[in-house]
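Structure first, commentary second.
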Amino acid sequence: MATDRSTPAAPGRAYAFPQMVPLAALFIVFLDTATDFFPDDPLVGVVTPTRLALLVGLLAVVVPVRGRPQARLRDFRTRLDLPIALLIGAAVVTTFLGRHPTAPLRGLLTVIACYYLVVGLRRTQPESWRAVGLLALVGVAAAATFAFSQVTNETPTGFCRTGLLTDVSCDAGGAGVLIRATGTFANPNLLAAFLVLLLPFVLLAAVSVDERTARTVVVLVGVVGYGALLTTFSRAGYVAGAAGLLVLGGAYWLAPRLADRAQRRITATLGFLALGGAAAAIWAVSRAGNSLGVRGQAWNAALDIALNNPLGVGLGRSGAVISATAPGERVFVHAHNMWLNWLVETGPLGLLAIVAVTVITWSSAARAARAKSTIGTVGLASLTGFFMIGTMDHPANLDRIDMLWWLILAVVMAEAPAGWRRRRSEAFPTPVPAQLKRPRHGPQRVAASA
């Protein structure tokens with residue numbers, strides 16, 4: 001007689017409700033990052049709808065519930081704990097010693113709370129990876145369809161380019177002007193960063209469904225998402241999106257089929273050369289826009305500011321300080337480089353922390369992808385593209401992109417153990433499926449004869 005050892009008795013309402021609350025909080029965060037659904041104004045004091053959802057979600061994870069294993073401290077520990085502590089310390093020092101407003105510091109604490117909520121949720125509810133994939137699908141669909149509607153209906157967005165990817169005035173561009181879609185964001189570069197971060201996770205949604213027609217719909221949403229990325233006419237977005245696809249395809253489909261390490265290295269080298277050629281071609285046809293010159297002004301001013309302010313100028317103040325320092329009357333919002341922006345705002349300690357976050361998360365995702373983890377594979381593709389955008393821009397300057405970035409970091413780091421000295425089989429126990437027909441994450445049903 002066959003029995004199913006992985007199917008527990010049906011939980012009661014007292015058990016099911018606390019299980020649903022963190023997922024509901026995650027849904028609220030995803031919805032807000034994709035559509036700016038909830039108001040930024042606080043409900044009371046400094047408590048916004050998103051912060052309230054995060055607080056309730058964290059409480060639901062840590063509060064003991066009869067019939068459910070109690071969450072332990074190790075369920076929240078990750079390899080980023082020390083860099084996060086250093087980042088918070090640098091932010092606190094520059095905020096209070098510089099007597100700057102505390103609102104940006106509260107924003108930083110909010111995204112870190114989201115990070116630990118997702119880590120706790122993934123560790124206490126292993127099957128929540130399915131929810132992450134489906135929520136990513138919803139977010140991509142919302143932003144991408146809005147972007148396409150702007151292009152198909154010729155809705156003015158205030159951002160236009162010519163066929164050579166040169167910025168032009170939408171009113172004076174003539175018949176060859178192309179509208180740059182902004183979707184649910186304020187400018188097309190932010191939409192591109194959002195899609196680059198989230199599109200690889202559409203694969204996670206595809207893995208979560210078994211039925212072929214449902215998977216076809218998931219794939220079509222992914223195609224629409226990458227099409228929406230094209231409508232942004234973002235040069236960095238194009239390169240980052242191509243890098244994400246290269247990593248995704250190489251790690252998921254191509255690498256397991258290559259016979260030895262030499263073949264994988266040759267293929268990776270050819271892929272990077274192709275990516276570099278694409279980036280060079282995009283740069284060559286867009287030289288008339290002089291966008292790199294603008295970034296050069298921002299970088300030079302940022303370095304001068306960092307040398308004169310070892311404790312940083314304060315969170316959220318880099319744009320104003322760079323605008324006052326750089327020659328000309330151009331207004332900057334940030335330093336146009338993620339790591340340089342943290343250096344300007346929080347000093348060398350903040351830079352050290354954000355570099356550690358970058359290196360640890362990318363290497364952890366790479367190790368997980370090498371161990372054939374689906375989450376590691378999509379996380380590696382997502383982070384690779386986003387970090388490439390971060391070299392020329394700083395989309396995480398927007399709180400919605402910042403929240404999504406920390407959420408992606410949490411999904412990746414929850415897959416890895418807190419320490420580094422572990423066997424690969426122990427560190428990444430959930431392999432990538434050889435095909436998209438059977439999900440391999442979470443507990444599997446095992447039949448045994450009795």
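By order in the structure tokens, chains are A, B, ...; within a chain, residues start at 1; ligands start at 1, following the order shown.
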Would you kindly return, as a short mmCIF file (atom, residue, chain, number, x, y, z; two decimals) with N, CA and C atoms, in the first residue's frame, each protein, DNA or RNA residue with an atom no farther than 7 Å from any atom of segment 367-369 of chain A, considering only C-alpha atoms and excluding same-chain residues fewer than 5 positions away?
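part01.cif written:
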data_model
loop_
_atom_site.label_atom_id
_atom_site.label_comp_id
_atom_site.auth_asym_id
_atom_site.auth_seq_id
_atom_site.Cartn_x
_atom_site.Cartn_y
_atom_site.Cartn_z
N ALA A 251 23.31 29.35 -17.70
CA ALA A 251 23.30 28.60 -16.46
C ALA A 251 22.20 27.55 -16.44
N THR A 374 17.31 26.55 -9.05
CA THR A 374 16.56 27.45 -9.92
C THR A 374 16.61 28.87 -9.38
N GLY A 376 18.89 30.18 -7.48
CA GLY A 376 20.23 30.70 -7.71
C GLY A 376 20.43 31.16 -9.15
N THR A 377 19.87 30.40 -10.10
CA THR A 377 20.03 30.75 -11.51
C THR A 377 19.33 32.05 -11.85
N PHE A 428 22.85 23.89 -0.90
CA PHE A 428 21.82 24.13 -1.90
C PHE A 428 21.10 22.81 -2.20
#
Which residues are close to Ser169 of chain A, i.e. within 10 Å by only C-alpha atoms, leaving aside same-chain residues fewer than 6 positions away? Reply as a PDB file with N, CA and C atoms, in the first residue's frame.
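Output (out.pdb):
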ATOM      1  N   GLY A 158       7.034  62.453 -22.205  1.00  0.00           N
ATOM      2  CA  GLY A 158       8.055  63.452 -21.917  1.00  0.00           C
ATOM      3  C   GLY A 158       9.459  62.972 -22.226  1.00  0.00           C
ATOM      4  N   PHE A 159       9.594  61.705 -22.654  1.00  0.00           N
ATOM      5  CA  PHE A 159      10.904  61.145 -22.978  1.00  0.00           C
ATOM      6  C   PHE A 159      10.839  60.583 -24.396  1.00  0.00           C
ATOM      7  N   CYS A 160      11.751  61.038 -25.249  1.00  0.00           N
ATOM      8  CA  CYS A 160      11.774  60.585 -26.640  1.00  0.00           C
ATOM      9  C   CYS A 160      13.212  60.385 -27.103  1.00  0.00           C
ATOM     10  N   ARG A 161      13.358  59.555 -28.136  1.00  0.00           N
ATOM     11  CA  ARG A 161      14.661  59.331 -28.747  1.00  0.00           C
ATOM     12  C   ARG A 161      14.483  59.155 -30.241  1.00  0.00           C
ATOM     13  N   THR A 162      15.572  59.389 -30.978  1.00  0.00           N
ATOM     14  CA  THR A 162      15.563  59.137 -32.409  1.00  0.00           C
ATOM     15  C   THR A 162      16.031  57.711 -32.668  1.00  0.00           C
ATOM     16  N   VAL A 177      10.669  60.507 -34.335  1.00  0.00           N
ATOM     17  CA  VAL A 177      10.777  60.423 -32.876  1.00  0.00           C
ATOM     18  C   VAL A 177      10.131  59.141 -32.366  1.00  0.00           C
TER      19      VAL A 177
END
Nearest residue to Thr232 of chain A from the set A:Gly328, A:Gly244, A:Gly45, A:Gly183 (distances using only C-alpha atoms): A:Gly183
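From atom CA of Gly57 of chain A back to atom CA of Pro39 of chain A, the distance works out to 18.9 Å.
Comparing the minimum interatomic distances between Val224 of chain A and each of A:Ala147, A:Ala243, A:Leu398, A:Ile179, counting only C-alpha atoms, we find that A:Ala147 sits nearest.
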From A:Ala136, A:Ala186, A:Val65, A:Leu343, residue lying nearest Thr157 of chain A [only C-alpha atoms]: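 Among the listed residues, A:Ala186 lies closest to Thr157 of chain A.
Counting only C-alpha atoms, the residue from A:Ala90, A:Leu178, A:Leu82, A:Val411 that sits nearest to Phe233 of chain A is A:Leu178.
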Distance of atom CA of Asn397 of chain A from atom CA of Pro104 of chain A, expressed in Å to one decimal place: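 Atom-to-atom, atom CA of Pro104 of chain A to atom CA of Asn397 of chain A, that is 10.4 Å.
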Ala192 of chain A environment, 7 Å, only C-alpha atoms, sequence neighbours closer than 6 positions dropped, as a PyMOL selection string: chain A and resi 229+232+234+237
Output N, CA and C atoms of each residue in that selection to a file, as a compact mmCIF listing (two decimals), in the first residue's frame.
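selection13.txt, written as the output of this step:
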# COMPACT_ATOMS: atom_id res chain seq x y z
N LEU A 229 10.80 46.07 -22.21
CA LEU A 229 12.16 46.56 -21.98
C LEU A 229 12.69 47.26 -23.23
N THR A 232 11.62 50.96 -23.67
CA THR A 232 12.23 52.02 -22.85
C THR A 232 13.35 52.74 -23.60
N SER A 234 16.37 52.26 -23.39
CA SER A 234 17.43 52.49 -22.42
C SER A 234 18.66 51.69 -22.85
N GLY A 237 19.73 49.51 -20.12
CA GLY A 237 18.73 48.46 -19.96
C GLY A 237 18.88 47.38 -21.01
Which polymer residues have any atom within 8 Å of an atom of Ile28 of chain A, counting only C-alpha atoms, with same-chain residues fewer than 4 positions away left out, as a CSV table (one decimal) with N, CA and C atoms, in the first residue's frame?
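Okay, this is what ended up in result-v7.csv:
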chain,number,residue,atom,x,y,z
A,24,ALA,N,0.7,37.7,2.5
A,24,ALA,CA,-0.1,38.9,2.2
A,24,ALA,C,0.8,40.1,2.3
A,32,ASP,N,3.2,47.3,-4.5
A,32,ASP,CA,3.6,48.6,-4.4
A,32,ASP,C,4.8,48.9,-5.2
A,50,THR,N,2.9,50.4,3.7
A,50,THR,CA,3.9,49.3,3.4
A,50,THR,C,4.7,49.0,4.7
A,53,ALA,N,2.4,46.8,6.8
A,53,ALA,CA,2.4,45.4,6.3
A,53,ALA,C,3.6,44.6,6.6
Computed interatomic separation between atom CA of Ser364 of chain A and atom CA of Met388 of chain A (Å):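 Going from atom CA of Ser364 of chain A over to atom CA of Met388 of chain A covers 17.4 Å.
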Selected residue, from A:Val355, A:Gly98, A:Arg123, A:Tyr226, that lies nearest to Pro310 of chain A when counting only C-alpha atoms: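 Comparing A:Val355, A:Gly98, A:Arg123, A:Tyr226 against Pro310 of chain A, the winner is A:Gly98.
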Residue nearest Arg235 of chain A - candidates A:Leu121, A:Ala141, A:Ile389, A:Leu191, atoms counted: only C-alpha atoms: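 Under the stated criterion, the closest residue is A:Ile389.
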Picked from segment 12-256 of chain A by DSSP as strand (DSSP E), as an MDAnalysis selection string: chainID A and resid 160:161 167:168 178:179
All residues 12 Å or closer to Phe37 of chain A, only C-alpha atoms, same chain fewer than 6 positions away omitted, as a list in words: Phe27, Ile28, Val29, Phe30, Leu31, Pro49, Thr50, Gly139, Ala142, Ala143, Thr184, Phe185 and Arg400 of chain A
Just the selected residues (N, CA and C atoms), exported as a compact mmCIF listing (two decimals), in the first residue's frame, please.
# COMPACT_ATOMS: atom_id res chain seq x y z
N PHE A 27 2.83 40.21 -0.81
CA PHE A 27 1.99 40.65 -1.93
C PHE A 27 1.87 42.17 -1.95
N ILE A 28 1.69 42.79 -0.78
CA ILE A 28 1.57 44.24 -0.70
C ILE A 28 2.85 44.91 -1.17
N VAL A 29 3.99 44.36 -0.75
CA VAL A 29 5.27 44.94 -1.15
C VAL A 29 5.46 44.83 -2.65
N PHE A 30 5.20 43.66 -3.23
CA PHE A 30 5.34 43.47 -4.66
C PHE A 30 4.41 44.41 -5.43
N LEU A 31 3.17 44.51 -4.98
CA LEU A 31 2.20 45.35 -5.67
C LEU A 31 2.64 46.81 -5.64
N PRO A 49 1.47 52.52 4.89
CA PRO A 49 0.85 51.21 4.64
C PRO A 49 1.86 50.10 4.41
N THR A 50 2.93 50.38 3.68
CA THR A 50 3.94 49.35 3.43
C THR A 50 4.66 48.96 4.70
N GLY A 139 3.87 41.40 -11.22
CA GLY A 139 4.56 42.68 -11.32
C GLY A 139 5.03 42.98 -12.73
N ALA A 142 1.97 43.90 -14.92
CA ALA A 142 1.42 45.23 -14.65
C ALA A 142 2.27 46.32 -15.29
N ALA A 143 3.59 46.27 -15.08
CA ALA A 143 4.46 47.32 -15.62
C ALA A 143 4.61 47.22 -17.13
N THR A 184 4.84 52.26 -15.20
CA THR A 184 4.34 52.74 -13.91
C THR A 184 5.38 53.56 -13.16
N PHE A 185 6.41 54.01 -13.86
CA PHE A 185 7.49 54.75 -13.20
C PHE A 185 7.61 56.15 -13.78
N ARG A 400 10.99 52.44 -4.43
CA ARG A 400 10.33 51.24 -4.95
C ARG A 400 11.34 50.27 -5.55
Contacts of Ile305 of chain A within 12 Å, only C-alpha atoms, excl. fewer than 6 positions in-chain, as a VMD selection string: chain A and resid 298 to 299 311 to 314 317 to 326 335 340 to 347
